[in-house]
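So the structure is just underneath, and the comments pick up after that.
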Amino acid sequence: MRRIGIDVGGSTLRVGEVDVRSGTLAGPVDAIPMPAGARPDDVLQALAASPVLRAGEGAVGLAFPSVAQHGVARTAANVDRSWIDLDVAAAFTRLTGRPTVFINDADAAGLAELRFGAGRALLAEAAAGGPPASRIMVLTFGTGIGTALFLDGRLWPNAELGHLMLPGVTDTDGEGWAAASVRTRLALDWSGWTRRVNDYLRELHRLLWPDVFIVGGAVSEHAADWVHLLECRARVVPAVLRGHAGVVGAALAAADAAQGAA
């Protein structure tokens, strides 16, 4: 079974068809530059015009940098504020004629990693008597920081812990201190950036005590350069699905919703 997954990032919109039984892409991903201003009409029109979307069938999953409640965007991170309180699922369905499941982007990436990526391996290892993996936190480092919380494999949606304030940092929040975009903006090397990420991990661990952090997002392709520099009392493992996790997770959300409604 195949579903279309959409991942809206701060700079790029990604549209892909996913085999939801295996978590693999069924073809190339359509990468679309974020329209200037990141306003709803422009973004949704750009997505609706994607050849990948038009070629697919059935429900669509749309992952977005926002608290997503019942199809509605409640916040707007790194996009225009006019998204707030917009029923995005209904708007995209009107535009495309396709049922749409609207989900937080980090939650989508987390679902993909738990079902087909690093989380799947961790849960299997724990079930076989290995290290515990009951409490897993998936972190995506990109324009901001996305967080997804899992307890015994079940998602607690819309955990906006990228906005956590850090001890000793008074002028910005966690993502303003340690997002991947900060490394680019400040021209930090991997060592300099991961010192900031370690500050963030320490505070997350102090408050939540997860068994494992799965770290991914825009910098996943360079995991070998920085993951080994992280220091934390919890296990830290790199994401497996890398830049495609959001697309895969969005498609899974659409498939799960369709199955639940059947």
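By convention in this document, the chains of the structure tokens carry letters A, B, ... by their order, each chain's residues are numbered from 1, and ligands are numbered from 1 in the order they are shown.
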
Which of range 9-257 of chain A fall in strand (DSSP E or B), as an NGL selection string
:A and (12-19 or 24-25 or 30-33 or 60-64 or 68-69 or 72-73 or 87 or 100-104 or 135-141 or 145-151 or 154-156 or 212-217 or 235-238)

Using 9 Å as the limit and counting only C-alpha atoms, can you tabulate each residue of range 92-209 of chain A that touches range 49-69 of chain A, with its shortest atom-to-atom distance in Å and the two atoms involved, as a Markdown table?
```
| residue | atom | partner | partner_atom | distance |
| --- | --- | --- | --- | --- |
| A:Thr93 | CA | A:Val60 | CA | 8.9 |
| A:Thr96 | CA | A:Arg54 | CA | 8.7 |
| A:Arg98 | CA | A:Ala59 | CA | 5.7 |
| A:Pro99 | CA | A:Ala59 | CA | 4.7 |
| A:Thr100 | CA | A:Val60 | CA | 4.8 |
| A:Val101 | CA | A:Gly61 | CA | 4.8 |
| A:Phe102 | CA | A:Leu62 | CA | 4.9 |
| A:Ile103 | CA | A:Ala63 | CA | 4.8 |
| A:Asn104 | CA | A:Phe64 | CA | 5.1 |
| A:Asp105 | CA | A:Ala63 | CA | 4.4 |
| A:Ala106 | CA | A:Pro65 | CA | 7.6 |
| A:Asp107 | CA | A:Ala63 | CA | 8.2 |
| A:Ala108 | CA | A:Ala63 | CA | 6.3 |
| A:Ala109 | CA | A:Ala63 | CA | 8.7 |
| A:Gly144 | CA | A:Pro65 | CA | 8.9 |
| A:Gly146 | CA | A:Pro65 | CA | 8.0 |
| A:Pro157 | CA | A:Val67 | CA | 8.4 |
| A:Asn158 | CA | A:Val67 | CA | 5.3 |
| A:Ala159 | CA | A:Val67 | CA | 8.1 |
| A:Glu160 | CA | A:Val67 | CA | 7.6 |
```

How far is it from CA of Asp87 in chain A to CA of Arg21 in chain A, in Å with one decimal?
28.9 Å

Write down as a PyMOL selection string the residues belonging to range 37-91 of chain A that are assigned helix (DSSP H, G or I) by DSSP computed on the backbone.
chain A and resi 40-48+51-55+81-83+88-91

Judged by only C-alpha atoms, the minimum distance to Leu241 in chain A among A:Leu188, A:Leu114, A:Ala38, A:Val72 is found for A:Leu114

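You can rank A:Val29, A:Ala258, A:Leu123, A:Val248 by their closest distance to Arg154 in chain A using only C-alpha atoms, and at the top of that list sits A:Leu123.
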
Residue contacts of Pro35 in chain A (12 Å, only C-alpha atoms) excluding same-chain residues fewer than 3 positions away, as a ChimeraX atom specification
/A:8-13,32,38-47,79-80

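Excluding Ala180 in chain A itself and any same-chain residue fewer than 6 positions from it, the protein and nucleic acid residues within 10 Å of it, counting only C-alpha atoms, are Thr140, Phe141, Gly142, Thr143, Gly144, Ile145, Leu188, Trp193, Thr194, Val197, Gly217, Ala218 and Val219 of chain A.
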
Residues within 12 Å of Ser191 in chain A, please, as number ranges by chain. Count only C-alpha atoms; anything in the same chain fewer than 2 positions from it doesn't count.
A: 183, 187-189, 193-198, 225-231

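For the set A:Ala121, A:Ala223, A:Leu155, A:Ala127, the residue with the smallest atom-to-atom gap to Trp190 in chain A is A:Ala223, counting only C-alpha atoms.
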
Can you pull out every residue within 9 Å of Pro28 in chain A, counting only C-alpha atoms, but drop anything in the same chain fewer than 3 positions away, and send it as JSON, numbers by chain?
{"A": [15, 16, 17, 25, 52]}

Might you pull out every residue within 7 Å of Val237 in chain A, with only C-alpha atoms counted and same-chain residues fewer than 3 positions away left off, and present them as a ChimeraX atom specification?
/A:213-215

Output for the residues just chosen: C-alpha atoms as a short mmCIF file (atom, residue, chain, number, x, y, z; two decimals), in the first residue's frame:
```cif
data_model
loop_
_atom_site.label_atom_id
_atom_site.label_comp_id
_atom_site.auth_asym_id
_atom_site.auth_seq_id
_atom_site.Cartn_x
_atom_site.Cartn_y
_atom_site.Cartn_z
CA PHE A 213 17.85 10.09 22.26
CA ILE A 214 17.54 9.49 18.51
CA VAL A 215 19.10 12.48 16.75
#
```
